[in-house]
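Below: one structure, written as structure tokens.
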Amino acid sequence: MIRFAELYNELDSTTKTNEKIASMVRYFAGADHSDAAWATYFLSGNKLRRLVPTSLLRVWAAEQAEIPQWLFEESYQAVGDLAETFSLVVPPGTTTTDESLTHWVEHRLMPLRSMSDVEQHAAVLQIWNETPARLRLVVMKLVTGSFRVGVSKRLVTRAIAGHTGIPADVISHRLMGDFDPSAESFASLIDPEIQDTVPSKPYPFCLAHPIDNEKGPEVLGEASDYLAEWKWDGIRGQVIRRSGQTFLWSRGEELMENRWPEIESAAESLPDGTVIDGEILAAIPAGTVLPFAQLQRRIGRKKVGKKLLTEVPVVFHAFDVMEHHGEDVRALRLVDRRARLDELLCSIDHPHLKATELIDGESWDAWADIRTTSRQRNAEGLMLKRKDAPYDVGRVRGTWWKWKVAPYTIDAVLIYAQKGHGRRSGLFTDYTFALWDDGQLVPFAKAYSGLNDQEIRKVDQFVRKNTNDSFGPVRSVTPTLVMELAFEGLQRSGRHKSGVATRFPRIVRWRHDKRPQDANALADLLELLPED
Amino acid sequence: MVSFEPLLRPTSSGLYCDAGDFYVDPTRPVDRAVVTHAHSDHARWGCRRYLSAAPGEHLLRMRMNDDAEFQFLPYGESISIGGVRVSLHPAGHMLGSAQVRLEHRGKIAVVTGDYKLGRDLTCQSWEPVRCHLLVTETTFGLPIYRWPSPESVREEINAWWRRCRDEGKCCVLYGYAVGKSQSLLAGLDTTLGKIFTHGAVEKGVQAYRRSGVELPETHYVGAVEGKQDWSGAMVIAVPSAHGSAWMKRFGRVSTAMASGWMAVRGSRRRRAMDRGFVVSDHVDWQSLLVAVDQCDPETVWATHGYTAAVARYLNENGRNADELDSGGRREGDEDATADAAESAS
């Protein structure tokens with residue numbers, strides 16, 4: 001466990017990709033299969049199901065530190081990370097023995113879940129007594145399920161590849177879907193010989209790079225080398241049809257069972273040995289794509305009722321094929337894959353499973369013109385894909401490009417602030433913005449990103465000096481700062497005071513040139529609402 | 001807030017003693033200032049008369065105009081200013097740092113300035129002074145701040161230097177120019193290699209040496225002529241040098257910040273340095289409580305930093321406590337001190 005905590009510490013204290021990979025390779029080289037399996041499990045973003053209610057942990061920590069509960073909460077606000085607060089506030093313990101990561105997870109942490117409060121209390125105190133701050137930080141990260149250390153699944157994949165010499169793409173494919181953290185599954189993960197085929201196993205997604213709107217697509221070369229499609233705002237998915245079964249995976253590598261019955265039933269008409277990539281969209285099967293807000297009504301529903309099925313039908317807009325008649329076709333050129341996809345979908349001709357439209361044009365100007373109609377079609381812009389490129393793993397530069405339309409922007413006034421988490425802990429970085437309505441400032445959006453570190457410090461100082469009121473962690477400040485916010489779309493909302501909800505709001509720039517009275521009105525925002 | 005007039009009251013120019021007509025660490029130019037230590041957020045320019053502790057004479061003179069009038073008082077000796085007995089007592093923050101004790105008509109007030117408990121290799125240790133009113137700094141006044149022993153951190157720093165030397169890298173260790181840098185310097189293992197200093201740090205080193213503090217041999221980076229092999233060297237610099245053009249000469253470096261703020265990962269990561277060492281010249285939570293216990297005041301005024309949390313905690317635990325200011329000091333403020341020192345050099 002000490003080695004794993006050291007690994008965490010190393011990963012946490014560098015921003016350099018190569019150093020992170022080197023640290024992981026060193027760890028894997030020194031770990032047995034069982035520890036390596038758990039490390040892979042946690043580093044690639046999995047967590048243990050909740051072991052102990054954090055509300056209890058907070059109470060016990062305050063007791064151990066001999067401080068009142070409010071002071072623990074104050075400390076948590078300052079640190080911005082619960083596991084770290086436990087590691088700092090509770091007096092440091094001393095390590096007597098160094099048990100393995102596997103032992104910790106399987107024999108000390110997972111049993112916590114089935115214990116009574118009293119037993120949990122005793123076990124947690126014992127853990128704290130045996131852990132100095134750095135070790136305890138990692139243990140508590142596992143306990144609270146907030147284990148994140150700036151490592152993507154892709155980086156873990158590269159580290160395992162670096163350690164074993166097996167190509168990263170192979171590791172990546174074997175790691176897709178659910179990974180069982182056992183010595184056996186790690187052994188088969190790094191086995192150079194066998195390639196066991198699990199019917200549900202998805203392929204890693206190919207991801208697109210954004211095109212800088214200032215520069216335009218001309219930097220990509222000749223338009224005739226590319227295909228253009230609409231960039232839809234839906235849910236990326238991978239449909240797998242193998243061994244008479246259907247699997248629908250999200251880009252977050254989550255199996256979406258029973259949530260999109262139209263698509264699952266449509267996929268039944270696909271021949272065995274088919275894997276296609278596409279976007280789940282709320283759409284009338286005849287054609288029109290509905291706004292994302294409609295699709296949102298179905299997101300998160302584990303079971304979909306009849307009413308919703310009728311009101312918000314979905315269609316799988318397929319744009320690529322990775323497996324065709326049981327054969328991995330990712331190495332083929334896009335145009336060749338596309339031909340197979342068209343033929344495949346044509347032959348089954350299903351209203352809920354169709355090939356996405358290719359946009360005519362073949363010149364940057366023509367596509368630029370048609371791109372201006374994106375919003376009317378509920379699209380975010382265009383996708384440009386190289387005709388001769390294979391289906392790449394991850395975000396490979398130069399093959400897929402997203403050319404989004406410029407976002408909506410509006411000037412708003414900062415009225416509330418709250419401290420951030422992680423790298424931004426202790427600073428006021430989470431802001432609520434408001435617009436004018438009848439002489440009042442009405443909050444309408446929260447934005448967390450867009451300012452640089454120096455600007456964040458300035459806003460932080462402003463908040464500290466201009467706080468008028470506090471509601472828990474939220475500070476209400478004198479309306480002074482004006483920021484330009486960008487967002488991708490908006491919809492009516494009964495839950496928002498302003499009556500509208502914006503999609504992906506973020507700060508574009510700090511408008512030092514504007515006074516609060518110069519900010520936009522709520523009416524300006526409402527004008528942007530699409531017609532119902 | 002319980003009044004301690006005419007002994008001490010907060011004003012917009014800092015703490016003021018009506019009975020003696022002087023300020024403690026005034027925030028703007030006044031006629032008469034009693035100064036706890038030579039950092040620029042405590043010792044401001046432009047006052048006519050300064051009273052400060054004798055061991056800090058060279059440091060204060062380095063910072064101030066020559067035409068001001070200075071008086072330096074050994075620790076523990078007292079003088080009378082307008083019927084107020086004034087004495088200065090070691091604060092352990094840096095060379096010459098003092099707590100100011102004021103006594104008038106049987107009431108005693110102590111202003112800690114910045115202070116820490118425990119031993120420092122380069123200055124006299126803090127001593128408790130019993131009082132009715134304690135004005136304490138609370139820069140790190142939350143239970144998340146718990147300093148590791150200075151010995152263990154010195155070992156970590158030397159271990160880091162050793163590893164960098166073996167990898168052929170140059171160590172750049174950042175600390176505030178005056179006080180922190182010298183105490184870091186005193187803890188370095190001189191058998192590991194040569195030690196270099198940034199200009200602002202070197203000025204502080206010279207002032208420490210003039211004051212009789214023994215420090216390892218240093219070489220001023222600006223005085224290096226010709227080709228210098230920086231691998232394996234230790235450079236002590238001010239934080240504002242991080243990422244500047246000045247850094248380029250060192251080639252492959254490993255950078256580290258030495259500060260109490262490094263106790264929290266968020267602060268460490270924001271700095272984007274390779275290492276963060278938890279070294280502070282301020283009291284942490286536990287030692288703040290020990291200090292209050294030992295000084296045993298009826299009333300505590302909390303200033304700088306986590307004033308609200310400290311005042312509330314003390315009030316709930318049998319002391320009468322108030323916040324002196326709520327704006328407070330934050331991470332980064334002391335960098336400004338270092339920067340000021342740099343531009344003055």
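Labels for the structure tokens follow display order: chains A, B, ..., residues from 1 in each chain, ligands from 1.
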
Return as number ranges by chain the residues belonging to chain B that are within 6 Å of chain A, counting only C-alpha atoms.
B: 143-144, 266

Just the residues within 10 Å of stretch 136-149 of chain A, please, counting only C-alpha atoms, with nothing from its chain fewer than 4 positions along; format it as a count of residues only.
52

Need the shell around stretch 470-487 of chain A: protein/DNA/RNA residues with any atom at most 8 Å away, counting only C-alpha atoms. Skip same-chain ones fewer than 6 positions apart. Format as a PyMOL selection string?
chain A and resi 77+407-419+463+502-512+514-516+519

Selection from above, N, CA and C atoms, as a PDB file, in the first residue's frame, can you write it?
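New file selection.pdb:
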```pdb
ATOM      1  N   GLN A  77     -13.882  23.232   3.703  1.00  0.00           N
ATOM      2  CA  GLN A  77     -14.037  24.316   2.732  1.00  0.00           C
ATOM      3  C   GLN A  77     -12.685  24.847   2.267  1.00  0.00           C
ATOM      4  N   PRO A 407     -20.519  29.833 -30.217  1.00  0.00           N
ATOM      5  CA  PRO A 407     -21.546  29.725 -29.173  1.00  0.00           C
ATOM      6  C   PRO A 407     -22.306  31.036 -29.005  1.00  0.00           C
ATOM      7  N   TYR A 408     -23.421  30.957 -28.306  1.00  0.00           N
ATOM      8  CA  TYR A 408     -24.122  32.178 -27.898  1.00  0.00           C
ATOM      9  C   TYR A 408     -23.275  32.879 -26.844  1.00  0.00           C
ATOM     10  N   THR A 409     -23.319  34.188 -26.786  1.00  0.00           N
ATOM     11  CA  THR A 409     -22.619  34.880 -25.693  1.00  0.00           C
ATOM     12  C   THR A 409     -23.509  35.961 -25.113  1.00  0.00           C
ATOM     13  N   ILE A 410     -23.231  36.264 -23.838  1.00  0.00           N
ATOM     14  CA  ILE A 410     -24.016  37.294 -23.158  1.00  0.00           C
ATOM     15  C   ILE A 410     -23.161  37.874 -22.024  1.00  0.00           C
ATOM     16  N   ASP A 411     -23.332  39.151 -21.726  1.00  0.00           N
ATOM     17  CA  ASP A 411     -22.574  39.771 -20.627  1.00  0.00           C
ATOM     18  C   ASP A 411     -23.394  39.722 -19.351  1.00  0.00           C
ATOM     19  N   ALA A 412     -22.815  39.144 -18.300  1.00  0.00           N
ATOM     20  CA  ALA A 412     -23.566  38.938 -17.069  1.00  0.00           C
ATOM     21  C   ALA A 412     -22.766  39.425 -15.868  1.00  0.00           C
ATOM     22  N   VAL A 413     -23.468  39.593 -14.755  1.00  0.00           N
ATOM     23  CA  VAL A 413     -22.847  40.126 -13.544  1.00  0.00           C
ATOM     24  C   VAL A 413     -22.633  39.000 -12.534  1.00  0.00           C
ATOM     25  N   LEU A 414     -21.443  38.988 -11.934  1.00  0.00           N
ATOM     26  CA  LEU A 414     -21.136  37.977 -10.924  1.00  0.00           C
ATOM     27  C   LEU A 414     -21.813  38.373  -9.612  1.00  0.00           C
ATOM     28  N   ILE A 415     -22.649  37.497  -9.075  1.00  0.00           N
ATOM     29  CA  ILE A 415     -23.328  37.849  -7.818  1.00  0.00           C
ATOM     30  C   ILE A 415     -23.042  36.888  -6.656  1.00  0.00           C
ATOM     31  N   TYR A 416     -22.759  35.622  -6.941  1.00  0.00           N
ATOM     32  CA  TYR A 416     -22.392  34.700  -5.864  1.00  0.00           C
ATOM     33  C   TYR A 416     -21.082  34.007  -6.209  1.00  0.00           C
ATOM     34  N   ALA A 417     -20.357  33.583  -5.177  1.00  0.00           N
ATOM     35  CA  ALA A 417     -19.124  32.836  -5.413  1.00  0.00           C
ATOM     36  C   ALA A 417     -18.989  31.758  -4.358  1.00  0.00           C
ATOM     37  N   GLN A 418     -18.347  30.687  -4.766  1.00  0.00           N
ATOM     38  CA  GLN A 418     -18.133  29.565  -3.862  1.00  0.00           C
ATOM     39  C   GLN A 418     -16.744  29.012  -4.111  1.00  0.00           C
ATOM     40  N   LYS A 419     -16.136  28.420  -3.075  1.00  0.00           N
ATOM     41  CA  LYS A 419     -14.778  27.901  -3.246  1.00  0.00           C
ATOM     42  C   LYS A 419     -14.775  26.662  -4.121  1.00  0.00           C
ATOM     43  N   VAL A 463     -13.814  38.822  -4.107  1.00  0.00           N
ATOM     44  CA  VAL A 463     -14.883  38.186  -3.334  1.00  0.00           C
ATOM     45  C   VAL A 463     -14.645  38.367  -1.844  1.00  0.00           C
ATOM     46  N   THR A 502     -29.166  27.217 -19.411  1.00  0.00           N
ATOM     47  CA  THR A 502     -28.199  27.287 -20.502  1.00  0.00           C
ATOM     48  C   THR A 502     -27.362  26.017 -20.505  1.00  0.00           C
ATOM     49  N   ARG A 503     -26.837  25.668 -21.692  1.00  0.00           N
ATOM     50  CA  ARG A 503     -26.064  24.445 -21.813  1.00  0.00           C
ATOM     51  C   ARG A 503     -24.588  24.805 -21.915  1.00  0.00           C
ATOM     52  N   PHE A 504     -23.741  24.163 -21.063  1.00  0.00           N
ATOM     53  CA  PHE A 504     -22.286  24.391 -21.013  1.00  0.00           C
ATOM     54  C   PHE A 504     -21.898  25.859 -20.861  1.00  0.00           C
ATOM     55  N   PRO A 505     -22.458  26.571 -19.885  1.00  0.00           N
ATOM     56  CA  PRO A 505     -22.025  27.963 -19.741  1.00  0.00           C
ATOM     57  C   PRO A 505     -20.576  28.030 -19.266  1.00  0.00           C
ATOM     58  N   ARG A 506     -19.799  28.940 -19.824  1.00  0.00           N
ATOM     59  CA  ARG A 506     -18.428  29.157 -19.352  1.00  0.00           C
ATOM     60  C   ARG A 506     -18.037  30.600 -19.636  1.00  0.00           C
ATOM     61  N   ILE A 507     -16.968  31.030 -18.972  1.00  0.00           N
ATOM     62  CA  ILE A 507     -16.552  32.422 -19.100  1.00  0.00           C
ATOM     63  C   ILE A 507     -15.673  32.570 -20.340  1.00  0.00           C
ATOM     64  N   VAL A 508     -15.972  33.537 -21.170  1.00  0.00           N
ATOM     65  CA  VAL A 508     -15.136  33.803 -22.340  1.00  0.00           C
ATOM     66  C   VAL A 508     -14.094  34.847 -21.985  1.00  0.00           C
ATOM     67  N   ARG A 509     -14.536  35.942 -21.432  1.00  0.00           N
ATOM     68  CA  ARG A 509     -13.572  36.947 -20.990  1.00  0.00           C
ATOM     69  C   ARG A 509     -14.173  37.826 -19.913  1.00  0.00           C
ATOM     70  N   TRP A 510     -13.259  38.418 -19.170  1.00  0.00           N
ATOM     71  CA  TRP A 510     -13.633  39.344 -18.119  1.00  0.00           C
ATOM     72  C   TRP A 510     -13.810  40.698 -18.767  1.00  0.00           C
ATOM     73  N   ARG A 511     -15.014  41.270 -18.703  1.00  0.00           N
ATOM     74  CA  ARG A 511     -15.266  42.560 -19.344  1.00  0.00           C
ATOM     75  C   ARG A 511     -14.917  43.686 -18.380  1.00  0.00           C
ATOM     76  N   HIS A 512     -13.615  44.008 -18.324  1.00  0.00           N
ATOM     77  CA  HIS A 512     -13.174  45.113 -17.457  1.00  0.00           C
ATOM     78  C   HIS A 512     -13.777  46.435 -17.927  1.00  0.00           C
ATOM     79  N   LYS A 514     -16.762  46.992 -18.836  1.00  0.00           N
ATOM     80  CA  LYS A 514     -18.200  47.161 -18.604  1.00  0.00           C
ATOM     81  C   LYS A 514     -18.521  47.310 -17.123  1.00  0.00           C
ATOM     82  N   ARG A 515     -19.458  48.191 -16.859  1.00  0.00           N
ATOM     83  CA  ARG A 515     -19.971  48.330 -15.504  1.00  0.00           C
ATOM     84  C   ARG A 515     -21.164  47.391 -15.360  1.00  0.00           C
ATOM     85  N   PRO A 516     -21.531  47.065 -14.108  1.00  0.00           N
ATOM     86  CA  PRO A 516     -22.628  46.091 -13.949  1.00  0.00           C
ATOM     87  C   PRO A 516     -23.907  46.523 -14.675  1.00  0.00           C
ATOM     88  N   ALA A 519     -24.430  45.277 -18.250  1.00  0.00           N
ATOM     89  CA  ALA A 519     -24.639  43.857 -18.554  1.00  0.00           C
ATOM     90  C   ALA A 519     -25.981  43.660 -19.266  1.00  0.00           C
TER      91      ALA A 519
END
```

Stretch 91-101 of chain B surroundings by only C-alpha atoms, 6 Å radius, close-in-sequence under 2 positions cut, as number ranges by chain
B: 36-37, 53, 55-56, 86-89, 109-116, 123-126, 179, 281

Please produce an output containing N, CA and C atoms for each residue in the selection, written as a PDB file, in the first residue's frame.
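File selection_33.pdb, as written:
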```pdb
ATOM      1  N   THR B  36       7.400  44.979  14.680  1.00  0.00           N
ATOM      2  CA  THR B  36       7.678  43.634  15.193  1.00  0.00           C
ATOM      3  C   THR B  36       8.804  42.942  14.430  1.00  0.00           C
ATOM      4  N   HIS B  37       8.869  43.152  13.118  1.00  0.00           N
ATOM      5  CA  HIS B  37       9.968  42.544  12.358  1.00  0.00           C
ATOM      6  C   HIS B  37      10.098  43.197  10.994  1.00  0.00           C
ATOM      7  N   ALA B  53      13.493  45.443  17.673  1.00  0.00           N
ATOM      8  CA  ALA B  53      14.388  44.632  18.505  1.00  0.00           C
ATOM      9  C   ALA B  53      15.822  44.667  17.961  1.00  0.00           C
ATOM     10  N   PRO B  55      18.394  42.564  17.677  1.00  0.00           N
ATOM     11  CA  PRO B  55      18.992  41.584  16.747  1.00  0.00           C
ATOM     12  C   PRO B  55      18.590  41.819  15.289  1.00  0.00           C
ATOM     13  N   GLY B  56      17.523  42.595  15.063  1.00  0.00           N
ATOM     14  CA  GLY B  56      17.052  42.801  13.694  1.00  0.00           C
ATOM     15  C   GLY B  56      17.560  44.098  13.084  1.00  0.00           C
ATOM     16  N   VAL B  86       7.156  49.639  27.500  1.00  0.00           N
ATOM     17  CA  VAL B  86       7.241  48.872  26.251  1.00  0.00           C
ATOM     18  C   VAL B  86       8.457  47.968  26.303  1.00  0.00           C
ATOM     19  N   SER B  87       8.254  46.661  26.040  1.00  0.00           N
ATOM     20  CA  SER B  87       9.402  45.759  25.919  1.00  0.00           C
ATOM     21  C   SER B  87       9.160  44.802  24.757  1.00  0.00           C
ATOM     22  N   LEU B  88      10.261  44.250  24.258  1.00  0.00           N
ATOM     23  CA  LEU B  88      10.182  43.368  23.084  1.00  0.00           C
ATOM     24  C   LEU B  88      10.680  41.980  23.467  1.00  0.00           C
ATOM     25  N   HIS B  89       9.985  40.934  22.959  1.00  0.00           N
ATOM     26  CA  HIS B  89      10.291  39.557  23.355  1.00  0.00           C
ATOM     27  C   HIS B  89      10.366  38.684  22.113  1.00  0.00           C
ATOM     28  N   ALA B 109      -0.808  44.241  27.369  1.00  0.00           N
ATOM     29  CA  ALA B 109      -1.185  43.740  26.041  1.00  0.00           C
ATOM     30  C   ALA B 109       0.070  43.232  25.344  1.00  0.00           C
ATOM     31  N   VAL B 110      -0.090  42.134  24.593  1.00  0.00           N
ATOM     32  CA  VAL B 110       1.022  41.620  23.800  1.00  0.00           C
ATOM     33  C   VAL B 110       0.578  41.504  22.342  1.00  0.00           C
ATOM     34  N   VAL B 111       1.379  42.080  21.461  1.00  0.00           N
ATOM     35  CA  VAL B 111       1.123  41.940  20.025  1.00  0.00           C
ATOM     36  C   VAL B 111       2.180  40.985  19.479  1.00  0.00           C
ATOM     37  N   THR B 112       1.732  39.840  18.959  1.00  0.00           N
ATOM     38  CA  THR B 112       2.714  38.807  18.580  1.00  0.00           C
ATOM     39  C   THR B 112       3.491  39.142  17.312  1.00  0.00           C
ATOM     40  N   GLY B 113       2.920  39.975  16.448  1.00  0.00           N
ATOM     41  CA  GLY B 113       3.483  40.059  15.098  1.00  0.00           C
ATOM     42  C   GLY B 113       3.378  38.674  14.489  1.00  0.00           C
ATOM     43  N   ASP B 114       4.270  38.308  13.584  1.00  0.00           N
ATOM     44  CA  ASP B 114       4.296  36.926  13.095  1.00  0.00           C
ATOM     45  C   ASP B 114       5.174  36.125  14.033  1.00  0.00           C
ATOM     46  N   TYR B 115       4.788  34.901  14.331  1.00  0.00           N
ATOM     47  CA  TYR B 115       5.594  34.112  15.273  1.00  0.00           C
ATOM     48  C   TYR B 115       5.417  32.624  15.034  1.00  0.00           C
ATOM     49  N   LYS B 116       6.388  31.872  15.511  1.00  0.00           N
ATOM     50  CA  LYS B 116       6.230  30.420  15.514  1.00  0.00           C
ATOM     51  C   LYS B 116       6.855  29.872  16.785  1.00  0.00           C
ATOM     52  N   CYS B 123      17.446  32.157  14.542  1.00  0.00           N
ATOM     53  CA  CYS B 123      16.956  33.220  15.426  1.00  0.00           C
ATOM     54  C   CYS B 123      16.546  32.652  16.775  1.00  0.00           C
ATOM     55  N   GLN B 124      16.338  33.562  17.696  1.00  0.00           N
ATOM     56  CA  GLN B 124      15.976  33.162  19.048  1.00  0.00           C
ATOM     57  C   GLN B 124      14.532  32.657  19.087  1.00  0.00           C
ATOM     58  N   SER B 125      14.279  31.649  19.937  1.00  0.00           N
ATOM     59  CA  SER B 125      12.946  31.025  19.959  1.00  0.00           C
ATOM     60  C   SER B 125      11.909  31.882  20.682  1.00  0.00           C
ATOM     61  N   TRP B 126      10.683  31.693  20.295  1.00  0.00           N
ATOM     62  CA  TRP B 126       9.525  32.355  20.918  1.00  0.00           C
ATOM     63  C   TRP B 126       9.484  32.072  22.416  1.00  0.00           C
ATOM     64  N   GLY B 179      14.543  35.842   5.926  1.00  0.00           N
ATOM     65  CA  GLY B 179      13.968  35.035   6.993  1.00  0.00           C
ATOM     66  C   GLY B 179      13.924  33.579   6.576  1.00  0.00           C
ATOM     67  N   ASP B 281       7.218  29.819   9.072  1.00  0.00           N
ATOM     68  CA  ASP B 281       7.679  30.627  10.197  1.00  0.00           C
ATOM     69  C   ASP B 281       6.502  31.218  10.960  1.00  0.00           C
TER      70      ASP B 281
END
```

Please identify all polymer residues within 8 Å of B:Arg146, counting only C-alpha atoms, omitting same-chain residues fewer than 4 positions from it, and present them as an MDAnalysis selection string.
(chainID A and resid 88) or (chainID B and resid 284:286)

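The space separating atom CA of A:Tyr448 from atom CA of A:Thr429 comes to 6.2 Å.
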
With only C-alpha atoms as the counted atoms, please give the residues lying no more than 10 Å from B:Glu151, apart from itself and same-chain residues fewer than 6 positions off, as a PyMOL selection string.
chain B and resi 119+157+187

Can I get the selection written as an mmCIF file, in the first residue's frame, with C-alpha atoms?
```
data_model
loop_
_atom_site.group_PDB
_atom_site.id
_atom_site.type_symbol
_atom_site.label_atom_id
_atom_site.label_comp_id
_atom_site.auth_asym_id
_atom_site.auth_seq_id
_atom_site.Cartn_x
_atom_site.Cartn_y
_atom_site.Cartn_z
ATOM 1 C CA ARG B 119 13.583 26.071 17.399
ATOM 2 C CA ILE B 157 15.121 18.800 1.394
ATOM 3 C CA GLY B 187 19.595 23.510 7.281
#
```

Can you tell me which residues surround stretch 435-445 of chain A at a distance of at most 6 Å, considering only C-alpha atoms, apart from same-chain residues fewer than 3 positions away, and format the answer as a ChimeraX atom specification?
/A:412,432,498,520-522

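Straight-line separation from atom CA of B:Arg265 to atom CA of B:Val172: 19.9 Å.
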
Could you find all residues in stretch 24-73 of chain B that DSSP calls alpha helix (DSSP H) from the backbone, and write them as a ChimeraX atom specification?
/B:57-63

Could you write those residues out with C-alpha atoms, as a tab-separated table (two decimals), in the first residue's frame?
```
chain	number	residue	atom	x	y	z
B	57	GLU	CA	18.93	46.09	13.30
B	58	HIS	CA	20.78	45.22	10.08
B	59	LEU	CA	17.66	43.75	8.49
B	60	LEU	CA	15.52	46.77	9.27
B	61	ARG	CA	18.16	49.26	8.13
B	62	MET	CA	18.48	47.34	4.87
B	63	ARG	CA	14.79	47.95	4.23
```

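Of the listed residues (A:Leu290, A:Ile240, A:Leu382, A:Ile190), A:Ile240 comes nearest to A:Gly278; the distances count only C-alpha atoms.
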
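Of the residues under consideration (A:Ala29, A:Val170, A:Val321, A:Ala368), A:Ala368 shows the shortest atom-to-atom contact distance to A:Asn213 when counting only C-alpha atoms.
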